[in-house]
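Structure file start00.txt with compact mmCIF, C-alpha atoms:
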```
# COMPACT_ATOMS: atom_id res chain seq x y z
CA MET A 1 1.36 -27.03 3.04
CA ARG A 2 3.22 -24.05 1.59
CA ILE A 3 1.96 -20.47 1.79
CA GLY A 4 2.89 -17.51 -0.41
CA ILE A 5 2.77 -14.04 1.15
CA ILE A 6 2.65 -10.94 -1.05
CA GLY A 7 3.76 -7.62 0.41
CA GLY A 8 6.60 -6.37 2.57
CA THR A 9 4.93 -4.87 5.62
CA SER A 10 5.31 -5.13 9.38
CA GLU A 11 2.20 -7.32 9.34
CA SER A 12 3.81 -9.70 6.85
CA LYS A 13 6.84 -9.99 9.13
CA GLU A 14 4.54 -10.74 12.05
CA LEU A 15 2.78 -13.41 10.01
CA ALA A 16 6.14 -14.82 8.89
CA ASN A 17 7.22 -15.19 12.52
CA PHE A 18 3.96 -16.98 13.28
CA LEU A 19 4.31 -19.41 10.36
CA TYR A 20 7.95 -20.05 11.23
CA ASP A 21 7.03 -20.91 14.84
CA LYS A 22 4.31 -23.27 13.59
CA ASN A 23 6.73 -24.98 11.16
CA ILE A 24 4.60 -23.99 8.17
CA LYS A 25 6.50 -23.56 4.91
CA PHE A 26 6.23 -20.14 3.28
CA ASN A 27 7.82 -17.50 1.07
CA ILE A 28 7.39 -13.71 1.15
CA HIS A 29 7.29 -11.87 -2.18
CA PHE A 30 8.60 -8.31 -1.90
CA LYS A 31 8.86 -5.78 -4.68
CA ASN A 32 11.26 -3.69 -2.58
CA ILE A 33 13.11 -5.07 0.42
CA TYR A 34 13.98 -3.09 3.54
CA SER A 35 14.76 -6.17 5.62
CA LYS A 36 14.86 -9.90 5.07
CA PHE A 37 13.27 -12.80 6.90
CA ASN A 38 15.76 -15.69 6.86
CA ASN A 39 15.92 -17.21 3.39
CA ASN A 40 12.20 -16.94 2.66
CA THR A 41 12.29 -13.57 0.92
CA ILE A 42 11.93 -13.37 -2.86
CA ASN A 43 12.90 -10.03 -4.37
CA SER A 44 11.55 -10.49 -7.88
CA ARG A 45 8.62 -8.87 -9.65
CA ILE A 46 5.60 -11.17 -9.92
CA ASN A 47 4.80 -11.66 -13.60
CA SER A 48 1.80 -13.97 -13.32
CA ILE A 49 -0.33 -15.93 -10.87
CA ARG A 50 -2.45 -18.87 -12.02
CA PHE A 51 -4.11 -22.00 -10.70
CA PHE A 52 -3.43 -25.49 -12.01
CA ASN A 53 -3.72 -29.01 -10.58
CA ASN A 54 -4.89 -27.61 -7.22
CA LYS A 55 -1.78 -25.46 -6.85
CA ILE A 56 -1.26 -21.69 -7.02
CA ILE A 57 1.58 -21.01 -9.45
CA VAL A 58 3.45 -17.74 -8.93
CA LYS A 59 5.83 -16.85 -11.74
CA THR A 60 8.73 -14.43 -11.18
CA ASP A 61 12.15 -15.13 -12.67
CA LYS A 62 11.48 -18.55 -11.12
CA THR A 63 8.30 -20.55 -10.52
CA TYR A 64 6.78 -21.14 -7.07
CA PHE A 65 3.95 -23.47 -6.05
CA TYR A 66 1.62 -22.71 -3.14
CA ASP A 67 -1.44 -24.18 -1.47
CA LEU A 68 -2.60 -20.80 -0.17
CA LEU A 69 -1.85 -17.19 -1.14
CA ILE A 70 -2.05 -14.28 1.31
CA ASP A 71 -2.12 -10.76 -0.14
CA MET A 72 -0.75 -8.22 2.35
CA SER A 73 0.26 -5.69 -0.29
CA HIS A 74 -0.34 -1.94 -0.18
CA PRO A 75 -4.05 -1.08 -0.60
CA PHE A 76 -3.25 0.83 -3.81
CA ALA A 77 -1.31 -2.08 -5.36
CA LYS A 78 -4.13 -2.80 -7.80
CA ASN A 79 -1.99 -4.69 -10.31
CA ILE A 80 -1.34 -7.48 -7.81
CA LYS A 81 -5.06 -7.98 -7.22
CA LYS A 82 -5.65 -8.22 -10.96
CA LEU A 83 -3.13 -11.07 -11.18
CA TYR A 84 -5.02 -13.33 -8.79
CA ILE A 85 -8.62 -12.29 -9.51
CA ASN A 86 -9.44 -15.57 -11.27
CA LEU A 87 -8.06 -17.87 -8.58
CA PRO A 88 -10.56 -19.89 -6.50
CA LYS A 89 -11.95 -17.82 -3.65
CA ASN A 90 -10.82 -20.28 -0.97
CA LYS A 91 -7.21 -20.15 -2.18
CA VAL A 92 -6.56 -16.43 -1.63
CA LEU A 93 -6.80 -14.43 1.60
CA ARG A 94 -6.59 -10.65 1.61
CA PHE A 95 -5.27 -8.87 4.71
CA SER A 96 -6.40 -5.23 4.64
CA ARG A 97 -5.09 -2.36 6.73
CA GLY A 98 -8.57 -0.85 6.70
CA SER A 99 -9.45 2.63 5.50
CA SER A 100 -9.60 5.82 7.54
CA ASN A 101 -12.87 7.13 8.98
CA PHE A 102 -12.01 10.62 7.73
CA ASP A 103 -15.24 11.91 6.21
CA LYS A 104 -13.81 13.64 3.13
CA LYS A 105 -12.34 11.07 0.75
CA TYR A 106 -11.64 10.89 -2.97
CA TYR A 107 -11.52 7.72 -5.05
CA GLY A 108 -9.82 9.06 -8.16
CA TYR A 109 -7.02 11.46 -9.07
CA ASP A 110 -9.10 13.59 -11.44
CA THR A 111 -11.87 14.13 -8.88
CA MET A 112 -9.32 15.08 -6.26
CA THR A 113 -7.54 17.44 -8.66
CA MET A 114 -10.75 19.23 -9.67
CA ASN A 115 -11.31 20.11 -6.02
CA ILE A 116 -7.70 21.11 -5.38
CA ILE A 117 -7.60 23.74 -8.14
CA LYS A 118 -10.66 25.53 -6.76
CA LYS A 119 -8.69 26.89 -3.80
CA HIS A 120 -5.05 25.83 -3.76
CA THR A 121 -1.80 26.49 -5.61
CA LYS A 122 0.78 25.53 -2.95
CA ILE A 123 0.55 21.81 -2.37
CA LEU A 124 2.36 19.27 -0.21
CA SER A 125 2.10 15.73 -1.58
CA LEU A 126 2.77 12.77 0.72
CA MET A 127 1.55 10.27 -1.88
CA GLY A 128 4.93 8.99 -3.04
CA TYR A 129 6.26 8.81 -6.58
CA LYS A 130 3.30 7.19 -8.32
CA GLY A 131 0.57 9.14 -6.54
CA THR A 132 2.29 12.49 -6.96
CA THR A 133 3.06 11.79 -10.61
CA GLU A 134 -0.62 10.99 -11.25
CA ILE A 135 -1.67 14.25 -9.58
CA ILE A 136 0.79 16.20 -11.74
CA LYS A 137 -0.62 14.54 -14.88
CA SER A 138 -4.15 15.32 -13.78
CA LEU A 139 -3.34 18.96 -12.99
CA ASN A 140 -1.68 19.33 -16.37
CA LYS A 141 -4.80 18.02 -18.13
CA ILE A 142 -7.19 20.55 -16.66
CA SER A 143 -4.99 23.56 -15.88
CA ASP A 144 -1.54 25.06 -16.39
CA ILE A 145 0.82 23.05 -14.20
CA ASN A 146 3.10 26.08 -13.88
CA ASN A 147 0.43 27.75 -11.73
CA PHE A 148 1.12 25.25 -8.96
CA LEU A 149 3.94 24.69 -6.51
CA ILE A 150 4.10 21.02 -5.58
CA VAL A 151 6.39 19.97 -2.75
CA SER A 152 6.77 16.20 -2.49
CA ARG A 153 8.90 13.44 -1.03
CA SER A 154 9.56 10.08 -2.64
CA ILE A 155 12.06 7.25 -2.92
CA GLU A 156 12.16 7.69 -6.70
CA LYS A 157 12.88 11.25 -7.84
CA ILE A 158 9.99 13.33 -9.21
CA ASN A 159 11.06 15.75 -11.93
CA TYR A 160 8.59 18.51 -11.16
CA GLY A 161 8.31 20.99 -8.33
CA ILE A 162 10.40 20.57 -5.20
CA ASN A 163 11.15 16.94 -4.45
CA PHE A 164 12.81 15.57 -1.33
CA ASN A 165 14.22 12.09 -0.79
CA PHE A 166 11.91 9.98 1.39
CA GLU A 167 13.27 7.91 4.26
CA PRO A 168 10.72 5.19 5.20
CA SER A 169 11.83 5.41 8.84
CA LYS A 170 10.59 9.02 8.88
CA ILE A 171 7.09 8.43 7.58
CA PHE A 172 5.64 10.74 10.25
CA ASP A 173 8.23 13.50 10.57
CA ILE A 174 6.58 16.42 12.39
CA GLU A 175 9.66 18.67 12.25
CA TRP A 176 9.90 18.23 8.49
CA PHE A 177 6.17 18.85 8.02
CA GLU A 178 6.32 22.07 10.04
CA GLU A 179 9.40 23.29 8.18
CA ILE A 180 7.82 22.66 4.76
CA ILE A 181 4.49 24.29 5.70
CA LYS A 182 6.23 27.44 6.89
CA LYS A 183 8.89 27.66 4.17
CA TYR A 184 6.55 27.15 1.20
CA ASP A 185 3.31 28.57 2.67
CA ILE A 186 1.52 25.25 2.07
CA SER A 187 -2.30 25.42 2.10
CA CYS A 188 -3.22 21.78 1.41
CA VAL A 189 -1.76 18.30 1.77
CA LEU A 190 -2.37 15.17 -0.31
CA ILE A 191 -2.39 11.85 1.57
CA LYS A 192 -3.02 8.24 0.58
CA ASP A 193 -5.39 6.34 2.85
CA SER A 194 -2.84 3.63 3.66
CA GLY A 195 -3.73 2.62 7.21
CA SER A 196 -1.75 2.48 10.43
CA GLN A 197 1.54 1.54 8.76
CA SER A 198 1.63 4.85 6.94
CA LYS A 199 0.42 6.77 10.01
CA THR A 200 -2.64 8.01 8.12
CA LYS A 201 -4.58 8.88 11.26
CA GLU A 202 -1.63 10.74 12.78
CA LYS A 203 -1.05 12.71 9.58
CA ILE A 204 -4.71 13.73 9.42
CA GLU A 205 -4.73 14.89 13.04
CA PHE A 206 -1.50 16.87 12.61
CA PHE A 207 -2.52 18.74 9.45
CA LEU A 208 -5.99 19.47 10.83
CA SER A 209 -4.29 21.08 13.85
CA LYS A 210 -2.36 23.32 11.43
CA ASN A 211 -5.51 24.31 9.49
CA ILE A 212 -4.15 22.68 6.34
CA GLU A 213 -6.86 21.28 4.09
CA ILE A 214 -6.53 17.52 3.61
CA PHE A 215 -7.18 15.68 0.36
CA LEU A 216 -7.34 11.97 1.15
CA LEU A 217 -7.11 9.49 -1.71
CA SER A 218 -8.93 6.40 -0.52
CA TYR A 219 -9.77 3.01 -2.04
CA LYS A 220 -12.32 0.24 -2.12
CA GLU A 221 -11.14 -3.34 -1.81
CA ASN A 222 -11.58 -4.53 -5.41
CA THR A 223 -11.30 -8.23 -4.72
CA ASN A 224 -13.88 -10.98 -4.43
CA LYS A 225 -11.65 -12.95 -2.05
CA LYS A 226 -11.95 -13.42 1.70
CA ILE A 227 -10.78 -10.26 3.51
CA PHE A 228 -9.33 -10.03 7.03
CA TYR A 229 -8.86 -6.84 9.03
CA ASP A 230 -7.56 -8.55 12.16
CA MET A 231 -4.24 -10.42 12.31
CA GLU A 232 -5.31 -12.86 15.03
CA LYS A 233 -8.37 -13.91 13.04
CA LEU A 234 -6.17 -14.44 10.00
CA LYS A 235 -3.80 -16.65 12.00
CA LYS A 236 -6.67 -18.76 13.34
CA TYR A 237 -8.10 -19.19 9.85
CA ILE A 238 -4.72 -20.30 8.50
CA MET A 239 -4.37 -22.90 11.26
CA LYS A 240 -7.81 -24.28 10.41
CA LYS A 241 -6.73 -24.68 6.79
CA VAL A 242 -3.45 -26.32 7.82
CA ASN A 243 -5.13 -28.74 10.22
CA PHE A 244 -7.76 -29.64 7.62
CA ILE A 245 -5.11 -30.48 5.01
CA GLU A 246 -3.08 -32.52 7.50
CA LYS A 247 -6.13 -34.67 8.28
CA ILE A 248 -6.66 -35.56 4.62
```
Render the structure in this file as structure tokens.
Amino acid sequence: MRIGIIGGTSESKELANFLYDKNIKFNIHFKNIYSKFNNNTINSRINSIRFFNNKIIVKTDKTYFYDLLIDMSHPFAKNIKKLYINLPKNKVLRFSRGSSNFDKKYYGYDTMTMNIIKKHTKILSLMGYKGTTEIIKSLNKISDINNFLIVSRSIEKINYGINFNFEPSKIFDIEWFEEIIKKYDISCVLIKDSGSQSKTKEKIEFFLSKNIEIFLLSYKENTNKKIFYDMEKLKKYIMKKVNFIEKI
């Protein structure tokens, strides 16, 4: 049995260690790599995923064949989910970080933006390159973008407002947050609901303590596949699948 893992997260590394210890063959597909796991890491964009002759076929610059696919990608990585939507339900497992229980959430950029412009002009965006760029586009559609100061941080440079380089190791940088709030008189913060890995809960608690209004962009799992929210349950399910195949 060979398993394909999509998504470079701490959970995917934990799962990789588990599969390695169980002598189960696997590959991890990363879009961006911060660290590698032996020789199992594939740093190529996934172009297509299809099902043929009882195998999952993942096409990058090469072709890979899997018996089971595990999606551990970022909750907002919608394009990945579109690629495997037509695969058999029992061939794809989705591991979700789970959404925040924060009571004020938005599920679209335009809806979020409409509420931002009612009260705020000095904005801190922690939504990365894509999220911040979408907010800028949305603001520009319904208002004059020059009325707003947007302070952001991202790996890829944003050519509007004040943009800082983002270091993934400093995802929850209290000193930086406090400095930015004070220096630019920030009144609201934009956050993606990205689970424990992105310190969503900690960010919410910090900005609430500073009386900064929070705009949380959340998501709904748009997949019809089996979803796991617990790593141990996922591991047990995988072992059941492996043992079943070995008995055939």
**Prompt:** Which neighbours of A:Ile5 fall inside 12 Å, counting all atoms listed in the file, when residues of the same chain fewer than 4 positions from it are skipped, and could you give them as a VMD selection string?
**Reply:** chain A and resid 9 11 to 16 19 25 to 31 40 to 42 46 56 58 64 to 73 80 92 to 95
I need the chosen residues saved as a compact mmCIF listing (two decimals), keeping the file's coordinate frame, with C-alpha atoms.
```
# COMPACT_ATOMS: atom_id res chain seq x y z
CA THR A 9 4.93 -4.87 5.62
CA GLU A 11 2.20 -7.32 9.34
CA SER A 12 3.81 -9.70 6.85
CA LYS A 13 6.84 -9.99 9.13
CA GLU A 14 4.54 -10.74 12.05
CA LEU A 15 2.78 -13.41 10.01
CA ALA A 16 6.14 -14.82 8.89
CA LEU A 19 4.31 -19.41 10.36
CA LYS A 25 6.50 -23.56 4.91
CA PHE A 26 6.23 -20.14 3.28
CA ASN A 27 7.82 -17.50 1.07
CA ILE A 28 7.39 -13.71 1.15
CA HIS A 29 7.29 -11.87 -2.18
CA PHE A 30 8.60 -8.31 -1.90
CA LYS A 31 8.86 -5.78 -4.68
CA ASN A 40 12.20 -16.94 2.66
CA THR A 41 12.29 -13.57 0.92
CA ILE A 42 11.93 -13.37 -2.86
CA ILE A 46 5.60 -11.17 -9.92
CA ILE A 56 -1.26 -21.69 -7.02
CA VAL A 58 3.45 -17.74 -8.93
CA TYR A 64 6.78 -21.14 -7.07
CA PHE A 65 3.95 -23.47 -6.05
CA TYR A 66 1.62 -22.71 -3.14
CA ASP A 67 -1.44 -24.18 -1.47
CA LEU A 68 -2.60 -20.80 -0.17
CA LEU A 69 -1.85 -17.19 -1.14
CA ILE A 70 -2.05 -14.28 1.31
CA ASP A 71 -2.12 -10.76 -0.14
CA MET A 72 -0.75 -8.22 2.35
CA SER A 73 0.26 -5.69 -0.29
CA ILE A 80 -1.34 -7.48 -7.81
CA VAL A 92 -6.56 -16.43 -1.63
CA LEU A 93 -6.80 -14.43 1.60
CA ARG A 94 -6.59 -10.65 1.61
CA PHE A 95 -5.27 -8.87 4.71
```
**Asked** Taking into account all atoms listed in the file, which residue in the set A:Ser152, A:Asn147, A:Leu216, A:Ser96 is nearest to A:Asn115?
**Response**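 When distances to A:Asn115 are compared using all atoms listed in the file, the smallest one comes from A:Leu216.
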**Asked** To one decimal place, how far is atom CA of A:His120 from atom CA of A:Phe76 in Å?
**Response** 25.1 Å
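Shown here are all protein and nucleic acid residues lying within 10 Å of (-10.6, -4.1, -1.6), with only C-alpha atoms considered: Pro75, Phe76, Lys78, Lys81, Arg94, Phe95, Ser96, Gly98, Ser99, Tyr219, Lys220, Glu221, Asn222, Thr223, Asn224, Lys225, Lys226 and Ile227 of chain A.
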Store the residues picked out above, limited to C-alpha atoms, as a short mmCIF file (atom, residue, chain, number, x, y, z; two decimals), keeping the file's coordinate frame.
```cif
data_model
loop_
_atom_site.label_atom_id
_atom_site.label_comp_id
_atom_site.auth_asym_id
_atom_site.auth_seq_id
_atom_site.Cartn_x
_atom_site.Cartn_y
_atom_site.Cartn_z
CA PRO A 75 -4.05 -1.08 -0.60
CA PHE A 76 -3.25 0.83 -3.81
CA LYS A 78 -4.13 -2.80 -7.80
CA LYS A 81 -5.06 -7.98 -7.22
CA ARG A 94 -6.59 -10.65 1.61
CA PHE A 95 -5.27 -8.87 4.71
CA SER A 96 -6.40 -5.23 4.64
CA GLY A 98 -8.57 -0.85 6.70
CA SER A 99 -9.45 2.63 5.50
CA TYR A 219 -9.77 3.01 -2.04
CA LYS A 220 -12.32 0.24 -2.12
CA GLU A 221 -11.14 -3.34 -1.81
CA ASN A 222 -11.58 -4.53 -5.41
CA THR A 223 -11.30 -8.23 -4.72
CA ASN A 224 -13.88 -10.98 -4.43
CA LYS A 225 -11.65 -12.95 -2.05
CA LYS A 226 -11.95 -13.42 1.70
CA ILE A 227 -10.78 -10.26 3.51
#
```
**Prompt:** Once you count only C-alpha atoms, which residues end up no further than 8 Å from (9.6, 11.4, 1.8) in the file's frame, shown as a PyMOL selection string?
**Reply:** chain A and resi 126+128+152-155+164-168+170-171
Requested write-out: C-alpha atoms of the selected residues, as a PDB file, in the coordinates of the input:
```
ATOM      1  CA  LEU A 126       2.770  12.770   0.720  1.00  0.00           C
ATOM      2  CA  GLY A 128       4.930   8.990  -3.040  1.00  0.00           C
ATOM      3  CA  SER A 152       6.770  16.200  -2.490  1.00  0.00           C
ATOM      4  CA  ARG A 153       8.900  13.440  -1.030  1.00  0.00           C
ATOM      5  CA  SER A 154       9.560  10.080  -2.640  1.00  0.00           C
ATOM      6  CA  ILE A 155      12.060   7.250  -2.920  1.00  0.00           C
ATOM      7  CA  PHE A 164      12.810  15.570  -1.330  1.00  0.00           C
ATOM      8  CA  ASN A 165      14.220  12.090  -0.790  1.00  0.00           C
ATOM      9  CA  PHE A 166      11.910   9.980   1.390  1.00  0.00           C
ATOM     10  CA  GLU A 167      13.270   7.910   4.260  1.00  0.00           C
ATOM     11  CA  PRO A 168      10.720   5.190   5.200  1.00  0.00           C
ATOM     12  CA  LYS A 170      10.590   9.020   8.880  1.00  0.00           C
ATOM     13  CA  ILE A 171       7.090   8.430   7.580  1.00  0.00           C
TER      14      ILE A 171
END
```
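Across the model, the gap from atom CA of A:Val189 to atom CA of A:Ser218 is 14.1 Å.
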**A:Asn23, A:Asn17, A:Asn86, A:Asn211 ranked by distance to A:Arg50, top pick (using only C-alpha atoms)** = A:Asn86
**Prompt:** Which value, in Å to one decimal, gives the distance between atom CA of A:Ile191 and atom CA of A:Asp144?
**Reply:**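 Atom CA of A:Asp144 lies at a distance of 22.3 Å from atom CA of A:Ile191.
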**Message:** Let me make sure I understand: among A:Ser143, A:Thr132, A:Ser125, A:Ser169, which one has the smallest atom-to-atom distance to A:Glu213 if we use only C-alpha atoms?
**Reply:**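 When distances to A:Glu213 are compared using only C-alpha atoms, the smallest one comes from A:Ser125.
Nearest residue to A:Ile116, choosing from A:Ile174, A:Leu83, A:Leu190, A:Ile57 and counting all atoms listed in the file: A:Leu190.
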Near stretch 176-188 of chain A, 8 Å: stretch 54-143 of chain A residue rows, closest pairs, only C-alpha atoms, as JSON lines:
```
{"residue": "A:His120", "atom": "CA", "partner": "A:Ser187", "partner_atom": "CA", "distance": 6.5}
{"residue": "A:Thr121", "atom": "CA", "partner": "A:Ser187", "partner_atom": "CA", "distance": 7.8}
{"residue": "A:Lys122", "atom": "CA", "partner": "A:Ile186", "partner_atom": "CA", "distance": 5.1}
{"residue": "A:Ile123", "atom": "CA", "partner": "A:Cys188", "partner_atom": "CA", "distance": 5.3}
{"residue": "A:Leu124", "atom": "CA", "partner": "A:Cys188", "partner_atom": "CA", "distance": 6.3}
```
**Request:** Name the residues in contact with A:Lys235 at a cut-off of 9 Å, using all atoms listed in the file, excluding same-chain residues fewer than 4 positions from it; report them as a ChimeraX atom specification.
**Result:** /A:15,18-19,230-231,239-240
